[in-house]
Amino acid sequence: MTLAERDHEYKYCRARGFGRTPHTWATLAWPALRPHPRGARGDNLGVRSLLRTVACVSALSLVSLAACTGGGSNNAKTIKIGVDLPLSGDEGQAGNPTLNGIRFFVHQHPVLEGFNVAVSARDDAVKGVHDPRLGAENISAFIADPLVMGIIGPFDSSVARVAIPLSNQAHLALISPSTSNRCLTKEPFLPAGLSPARLPISCKAAGRPAPADLRPAKVNNFFRLVTTDDLQGPAAADYGYKNLHLLRVAVLSDHEAYGQALADSFRARFTRLGGLVVVHLDFVPSASLDLTGFFKQAKKDGAQAIYFGGVTANGGCSIRAKMAAVFGVGEAAPFLGGDGIAEDPACVRDAGGNAAGIYATVPAVDTSQVATSQPIIASFKSEYRNAWDYGAYTILAYDATAVLYDALGRAIRAAGGKLPARQDVVVQLAATTGFHGVTGTIGFDAAGDTTHRLISIFEATGSDPAAGWRSVSAVDYSAKLPY
């Protein structure tokens with residue numbers, strides 16, 4: 001989940017019996033579900049409405065496409081790479097550095113198998129916030145352009161939900177450098193092996209369409225370079241148990257599907273490693289929430305740390321500040337969470353003087369820690385000299401472009417040097433394995449997910465919201481999943 005998604009991506013939902021605990025605190029964990037305070041719907045009406053829009057737009061796009069797509073035409077020996085990202089307003093602060101990574105790669109490699117390569121970028125933000133309807137319009141415009149052989153993006157999972165069905169019917173490849181919601185590619189939302197109840201939670205139960213519902217052509221055309229959110233909780237458990245030497249932990253979640261899944265997957269993994277979750281509470285965020293009793297019970301039961309599944313906007317890091325009254329200040333009692341709080345200045349501000357000792361996972365490679373990335377980063381910064389030109393996803397976008405180039409090159413050669421059919425590019429992307437990118441060795445599984453399943457761990461460095469977070473470790477599940 002990207003920083004921009006934190007306030008927009010999640011809705012309140014809960015599958016019956018998911019994550020129940022026999023502890024007395026569990027009686028507080030099942031309040032009536034309510035709408036997201038920032039406007040997400042309480043049911044799946046928004047998703048259904050957008051998918052109906054996608055169906056209508058797709059039909060029009062495919063009519064215009066029918067006469068001009070397919071292999072055989074060199075068309076002035078030009079290939080276009082479409083880019084759909086938030087490029088204006090607040091979210092443009094993340095989208096533009098991502099676009100820079102794409103442009104930098106194309107600038108370095110302007111010709112591919114005799115074709116000039118052009119970047120066609122479109123903004124999917126409205127008033128600074130990513131907008132699925134505008135994203136759908138962008139994808140439709142790319143579909144209608146026969147020179148567009150692949151799209152890099154979207155940046156956010158909510159835009160991806162409408163982009164995938166459109167591009168899928170047009171057999172046009174999508175590669176995202178940032179989206180991490182599991183239901184874009186796989187069922188279930190939470191695997192049984194990551195559920196304390198040992199029961200899988202489906203995408204539908206989590207308020208999301210199933211991956212098959214996003215693929216009307218019945219084949220996959222969506223690929224991504226970051227791993228999925230379901231691995232964040234286990235990675236925090238591994239780091240806490242093996243690196244911080246935690247044996248007893250209390251767990252909180254903020255009554256959202258994302259936070260509940262992180263908390264439950266942390267509990268399942270931590271217990272399997274040999275740790276003990278002494279108390280668990282799923283709370284409804286409110287200004288009057290008082291967790292003093294929870295903290296005291298956790299302390300009494302020997303909790304050495306607290307894991308929080310949720311987002312900053314739901315008071316996640318205010319919890320850290322309130323911990324001080326019972327657990328004291330500082331790193332002696334760590335506070336762990338996911339990318340809903342990671343590298344977020346608002347989290348540090350809310351935690352105040354107790355920000356030290358916050359650890360958070362991000363389901364992506366931290367390129368600053370990858371040796372093979374350093375020459376490219378240095379070269380990029382020599383050309384793009386402003387600090388804001390570079391971001392967390394710049395080099396991942398660079399690698400996404402490299403992977404698309406590799407697939408395009410193979411498709412062009414297979415077409416005898418002519419412009420390939422779009423479906424042939426999708427086929428070549430799906431066959432990607434062992435590609436040596438600057439972020440690591442890249443490949444895709446049958447669902448289009450990266451096989452480079454790396455979770456980065458960051459630590460807040462102090463109480464200054466403007467200060468960067470420190471990269472402290474990474475957990476690699478590429479060889480073996482934690483369930």
# chains A, B, ... in the order shown; residues from 1 in each chain; ligands from 1
call {"tool": "residues_around", "arguments": {"residues": "stretch 198-202 of chain A", "least_positions_apart": "5", "cutoff": "9 Å", "atoms": "only C-alpha atoms", "output": "ChimeraX atom specification"}}
result
/A:15,18,183,187-193,207-208,210,268
call {"tool": "residues_around", "arguments": {"residues": "stretch 334-344 of chain A", "least_positions_apart": "3", "cutoff": "8 Å", "atoms": "only C-alpha atoms", "output": "PyMOL selection string"}}
result
chain A and resi 1-3+6+232-233+236+262+304-312+316-317+320+330-331+347-348+357-363+458+460+465+468-469
call {"tool": "atom_distance", "arguments": {"atom1": "atom CA of A:Thr450", "atom2": "atom CA of A:Tyr241"}}
result
26.0 Å
call {"tool": "closest_residue", "arguments": {"among": "A:Asp123, A:Asp84, A:Asp389, A:Glu383", "to": "A:Phe142", "atoms": "only C-alpha atoms"}}
result
A:Asp84
call {"tool": "residues_around", "arguments": {"residues": "stretch 78-83 of chain A", "least_positions_apart": "5", "cutoff": "9 Å", "atoms": "only C-alpha atoms", "output": "ChimeraX atom specification"}}
result
/A:99,102,111-112,114-123,138-139,142,145-154,401,404,419
call {"tool": "write_last_selection", "arguments": {"atoms": "C-alpha atoms", "output": "CSV table (one decimal), in the first residue's frame"}}
result
chain,number,residue,atom,x,y,z
A,99,LEU,CA,7.5,8.8,-13.7
A,102,ILE,CA,10.5,5.4,-16.3
A,111,VAL,CA,15.6,2.6,-29.3
A,112,LEU,CA,14.4,-1.0,-28.9
A,114,GLY,CA,14.8,-0.7,-34.3
A,115,PHE,CA,11.8,1.0,-32.8
A,116,ASN,CA,11.9,4.5,-31.2
A,117,VAL,CA,10.4,4.4,-27.8
A,118,ALA,CA,8.2,7.2,-26.5
A,119,VAL,CA,6.6,7.7,-23.1
A,120,SER,CA,2.9,8.7,-23.0
A,121,ALA,CA,2.1,9.7,-19.4
A,122,ARG,CA,-1.4,10.5,-18.1
A,123,ASP,CA,-2.4,11.9,-14.7
A,138,ASN,CA,-6.6,7.1,-19.2
A,139,ILE,CA,-6.5,3.3,-19.8
A,142,PHE,CA,-4.1,4.0,-24.3
A,145,ASP,CA,-3.7,4.1,-29.5
A,146,PRO,CA,-2.3,1.2,-31.5
A,147,LEU,CA,1.3,2.2,-30.7
A,148,VAL,CA,0.9,1.6,-27.0
A,149,MET,CA,2.3,-1.8,-26.3
A,150,GLY,CA,2.2,-1.8,-22.5
A,151,ILE,CA,1.3,0.4,-19.5
A,152,ILE,CA,3.3,1.1,-16.4
A,153,GLY,CA,1.0,1.7,-13.5
A,154,PRO,CA,-1.4,2.2,-11.8
A,401,THR,CA,10.4,-0.3,-17.6
A,404,LEU,CA,8.6,-4.3,-20.1
A,419,LEU,CA,5.2,-4.3,-34.3
call {"tool": "residues_around", "arguments": {"residues": "A:Pro375", "least_positions_apart": "6", "cutoff": "12 Å", "atoms": "only C-alpha atoms", "output": "list of chain:residue names"}}
result
A:Thr367, A:Ser368, A:Lys381, A:Ser382, A:Ile395, A:Val438, A:Thr439
call {"tool": "select_by_dssp", "arguments": {"residues": "stretch 113-320 of chain A", "states": "strand (DSSP E)", "output": "number ranges by chain"}}
result
A: 115-123, 125-126, 129-130, 148-152, 174-176, 222-224, 248-253, 276-282, 305-309
call {"tool": "select_by_dssp", "arguments": {"residues": "stretch 299-359 of chain A", "states": "alpha helix (DSSP H)", "output": "JSON, numbers by chain"}}
result
{"A": [299, 300, 316, 317, 318, 319, 320, 321, 322, 323, 324, 325, 326, 327, 345, 346, 347, 348, 349, 350, 351]}
call {"tool": "write_last_selection", "arguments": {"atoms": "C-alpha atoms", "output": "PDB file, in the first residue's frame"}}
result
ATOM      1  CA  LYS A 299       1.851  -4.972  30.789  1.00  0.00           C
ATOM      2  CA  LYS A 300       0.529  -7.255  33.538  1.00  0.00           C
ATOM      3  CA  GLY A 316      -2.369   4.415  15.048  1.00  0.00           C
ATOM      4  CA  CYS A 317       0.630   6.409  16.171  1.00  0.00           C
ATOM      5  CA  SER A 318      -1.279   8.298  18.859  1.00  0.00           C
ATOM      6  CA  ILE A 319      -1.418   4.849  20.453  1.00  0.00           C
ATOM      7  CA  ARG A 320       2.362   4.914  20.578  1.00  0.00           C
ATOM      8  CA  ALA A 321       2.284   8.227  22.439  1.00  0.00           C
ATOM      9  CA  LYS A 322      -0.227   6.850  24.956  1.00  0.00           C
ATOM     10  CA  MET A 323       1.871   3.742  25.568  1.00  0.00           C
ATOM     11  CA  ALA A 324       4.386   5.858  27.460  1.00  0.00           C
ATOM     12  CA  ALA A 325       2.151   6.197  30.524  1.00  0.00           C
ATOM     13  CA  VAL A 326       2.274   2.422  31.093  1.00  0.00           C
ATOM     14  CA  PHE A 327       5.331   1.106  29.226  1.00  0.00           C
ATOM     15  CA  PRO A 345       5.597  12.186   8.996  1.00  0.00           C
ATOM     16  CA  ALA A 346       2.096  12.281  10.529  1.00  0.00           C
ATOM     17  CA  CYS A 347       2.872   9.077  12.430  1.00  0.00           C
ATOM     18  CA  VAL A 348       5.996  10.611  13.957  1.00  0.00           C
ATOM     19  CA  ARG A 349       4.101  13.800  14.797  1.00  0.00           C
ATOM     20  CA  ASP A 350       1.319  11.837  16.527  1.00  0.00           C
ATOM     21  CA  ALA A 351       3.788   9.691  18.475  1.00  0.00           C
TER      22      ALA A 351
END
call {"tool": "decode", "arguments": {"residues": "stretch 233-276 of chain A", "atoms": "N, CA and C atoms", "output": "JSON list (two decimals), in the first residue's frame"}}
result
[["chain", "number", "residue", "atom", "x", "y", "z"],
["A", 233, "GLY", "N", 2.49, -8.68, 7.97],
["A", 233, "GLY", "CA", 2.38, -9.14, 9.36],
["A", 233, "GLY", "C", 3.40, -10.20, 9.71],
["A", 234, "PRO", "N", 3.54, -11.25, 8.88],
["A", 234, "PRO", "CA", 4.56, -12.26, 9.14],
["A", 234, "PRO", "C", 5.98, -11.68, 9.19],
["A", 235, "ALA", "N", 6.28, -10.73, 8.31],
["A", 235, "ALA", "CA", 7.63, -10.14, 8.30],
["A", 235, "ALA", "C", 7.90, -9.40, 9.60],
["A", 236, "ALA", "N", 6.90, -8.67, 10.10],
["A", 236, "ALA", "CA", 7.06, -7.98, 11.39],
["A", 236, "ALA", "C", 7.24, -8.99, 12.51],
["A", 237, "ALA", "N", 6.53, -10.11, 12.43],
["A", 237, "ALA", "CA", 6.69, -11.16, 13.45],
["A", 237, "ALA", "C", 8.09, -11.75, 13.40],
["A", 238, "ASP", "N", 8.58, -12.01, 12.20],
["A", 238, "ASP", "CA", 9.94, -12.56, 12.06],
["A", 238, "ASP", "C", 10.97, -11.59, 12.62],
["A", 239, "TYR", "N", 10.83, -10.31, 12.27],
["A", 239, "TYR", "CA", 11.79, -9.32, 12.74],
["A", 239, "TYR", "C", 11.69, -9.15, 14.25],
["A", 240, "GLY", "N", 10.48, -9.08, 14.77],
["A", 240, "GLY", "CA", 10.32, -8.91, 16.21],
["A", 240, "GLY", "C", 10.86, -10.09, 17.00],
["A", 241, "TYR", "N", 10.59, -11.30, 16.53],
["A", 241, "TYR", "CA", 11.00, -12.49, 17.26],
["A", 241, "TYR", "C", 12.50, -12.75, 17.13],
["A", 242, "LYS", "N", 13.02, -12.61, 15.90],
["A", 242, "LYS", "CA", 14.41, -12.99, 15.64],
["A", 242, "LYS", "C", 15.42, -11.86, 15.86],
["A", 243, "ASN", "N", 15.01, -10.62, 15.61],
["A", 243, "ASN", "CA", 15.95, -9.50, 15.72],
["A", 243, "ASN", "C", 15.77, -8.69, 17.00],
["A", 244, "LEU", "N", 14.52, -8.48, 17.40],
["A", 244, "LEU", "CA", 14.27, -7.73, 18.63],
["A", 244, "LEU", "C", 14.13, -8.65, 19.84],
["A", 245, "HIS", "N", 14.12, -9.95, 19.58],
["A", 245, "HIS", "CA", 14.07, -10.98, 20.63],
["A", 245, "HIS", "C", 12.82, -10.83, 21.51],
["A", 246, "LEU", "N", 11.70, -10.57, 20.85],
["A", 246, "LEU", "CA", 10.43, -10.46, 21.56],
["A", 246, "LEU", "C", 9.82, -11.85, 21.73],
["A", 247, "LEU", "N", 9.27, -12.10, 22.90],
["A", 247, "LEU", "CA", 8.62, -13.38, 23.20],
["A", 247, "LEU", "C", 7.14, -13.21, 23.52],
["A", 248, "ARG", "N", 6.76, -12.04, 24.03],
["A", 248, "ARG", "CA", 5.38, -11.79, 24.42],
["A", 248, "ARG", "C", 4.96, -10.41, 23.88],
["A", 249, "VAL", "N", 3.86, -10.40, 23.11],
["A", 249, "VAL", "CA", 3.44, -9.18, 22.43],
["A", 249, "VAL", "C", 1.92, -9.01, 22.58],
["A", 250, "ALA", "N", 1.46, -7.77, 22.67],
["A", 250, "ALA", "CA", 0.03, -7.44, 22.60],
["A", 250, "ALA", "C", -0.26, -6.91, 21.19],
["A", 251, "VAL", "N", -1.48, -7.14, 20.72],
["A", 251, "VAL", "CA", -1.83, -6.80, 19.33],
["A", 251, "VAL", "C", -3.10, -5.96, 19.29],
["A", 252, "LEU", "N", -3.06, -4.90, 18.49],
["A", 252, "LEU", "CA", -4.20, -4.02, 18.23],
["A", 252, "LEU", "C", -4.47, -3.95, 16.73],
["A", 253, "SER", "N", -5.73, -3.73, 16.35],
["A", 253, "SER", "CA", -6.08, -3.44, 14.95],
["A", 253, "SER", "C", -7.22, -2.44, 14.92],
["A", 254, "ASP", "N", -7.32, -1.72, 13.79],
["A", 254, "ASP", "CA", -8.20, -0.55, 13.72],
["A", 254, "ASP", "C", -9.54, -0.81, 13.03],
["A", 255, "HIS", "N", -10.01, -2.04, 13.02],
["A", 255, "HIS", "CA", -11.34, -2.40, 12.54],
["A", 255, "HIS", "C", -11.50, -2.23, 11.03],
["A", 256, "GLU", "N", -10.40, -2.15, 10.30],
["A", 256, "GLU", "CA", -10.44, -2.14, 8.84],
["A", 256, "GLU", "C", -9.88, -3.45, 8.32],
["A", 257, "ALA", "N", -10.30, -3.83, 7.10],
["A", 257, "ALA", "CA", -9.85, -5.10, 6.54],
["A", 257, "ALA", "C", -8.33, -5.18, 6.48],
["A", 258, "TYR", "N", -7.70, -4.09, 6.03],
["A", 258, "TYR", "CA", -6.24, -4.06, 5.93],
["A", 258, "TYR", "C", -5.59, -4.28, 7.30],
["A", 259, "GLY", "N", -6.03, -3.50, 8.29],
["A", 259, "GLY", "CA", -5.42, -3.60, 9.61],
["A", 259, "GLY", "C", -5.69, -4.92, 10.29],
["A", 260, "GLN", "N", -6.90, -5.42, 10.14],
["A", 260, "GLN", "CA", -7.25, -6.71, 10.74],
["A", 260, "GLN", "C", -6.41, -7.83, 10.15],
["A", 261, "ALA", "N", -6.21, -7.79, 8.83],
["A", 261, "ALA", "CA", -5.42, -8.84, 8.18],
["A", 261, "ALA", "C", -3.97, -8.78, 8.63],
["A", 262, "LEU", "N", -3.41, -7.57, 8.75],
["A", 262, "LEU", "CA", -2.04, -7.45, 9.24],
["A", 262, "LEU", "C", -1.92, -8.00, 10.66],
["A", 263, "ALA", "N", -2.86, -7.61, 11.52],
["A", 263, "ALA", "CA", -2.80, -8.05, 12.91],
["A", 263, "ALA", "C", -2.95, -9.56, 13.03],
["A", 264, "ASP", "N", -3.89, -10.13, 12.29],
["A", 264, "ASP", "CA", -4.11, -11.57, 12.40],
["A", 264, "ASP", "C", -2.96, -12.37, 11.81],
["A", 265, "SER", "N", -2.39, -11.88, 10.70],
["A", 265, "SER", "CA", -1.25, -12.60, 10.12],
["A", 265, "SER", "C", -0.01, -12.48, 11.01],
["A", 266, "PHE", "N", 0.14, -11.34, 11.70],
["A", 266, "PHE", "CA", 1.22, -11.22, 12.68],
["A", 266, "PHE", "C", 1.02, -12.23, 13.79],
["A", 267, "ARG", "N", -0.19, -12.32, 14.32],
["A", 267, "ARG", "CA", -0.48, -13.24, 15.42],
["A", 267, "ARG", "C", -0.18, -14.68, 15.03],
["A", 268, "ALA", "N", -0.63, -15.07, 13.83],
["A", 268, "ALA", "CA", -0.43, -16.44, 13.39],
["A", 268, "ALA", "C", 1.06, -16.77, 13.25],
["A", 269, "ARG", "N", 1.81, -15.88, 12.65],
["A", 269, "ARG", "CA", 3.24, -16.13, 12.44],
["A", 269, "ARG", "C", 4.01, -16.07, 13.75],
["A", 270, "PHE", "N", 3.72, -15.09, 14.59],
["A", 270, "PHE", "CA", 4.45, -14.94, 15.85],
["A", 270, "PHE", "C", 4.24, -16.16, 16.74],
["A", 271, "THR", "N", 3.02, -16.65, 16.77],
["A", 271, "THR", "CA", 2.72, -17.84, 17.57],
["A", 271, "THR", "C", 3.44, -19.06, 17.02],
["A", 272, "ARG", "N", 3.47, -19.17, 15.69],
["A", 272, "ARG", "CA", 4.14, -20.32, 15.07],
["A", 272, "ARG", "C", 5.64, -20.31, 15.36],
["A", 273, "LEU", "N", 6.22, -19.12, 15.45],
["A", 273, "LEU", "CA", 7.65, -19.00, 15.75],
["A", 273, "LEU", "C", 7.97, -19.37, 17.19],
["A", 274, "GLY", "N", 6.96, -19.37, 18.06],
["A", 274, "GLY", "CA", 7.18, -19.70, 19.46],
["A", 274, "GLY", "C", 6.85, -18.57, 20.41],
["A", 275, "GLY", "N", 6.41, -17.43, 19.86],
["A", 275, "GLY", "CA", 6.03, -16.31, 20.70],
["A", 275, "GLY", "C", 4.61, -16.45, 21.23],
["A", 276, "LEU", "N", 4.22, -15.53, 22.10],
["A", 276, "LEU", "CA", 2.90, -15.56, 22.71],
["A", 276, "LEU", "C", 2.24, -14.18, 22.56]]
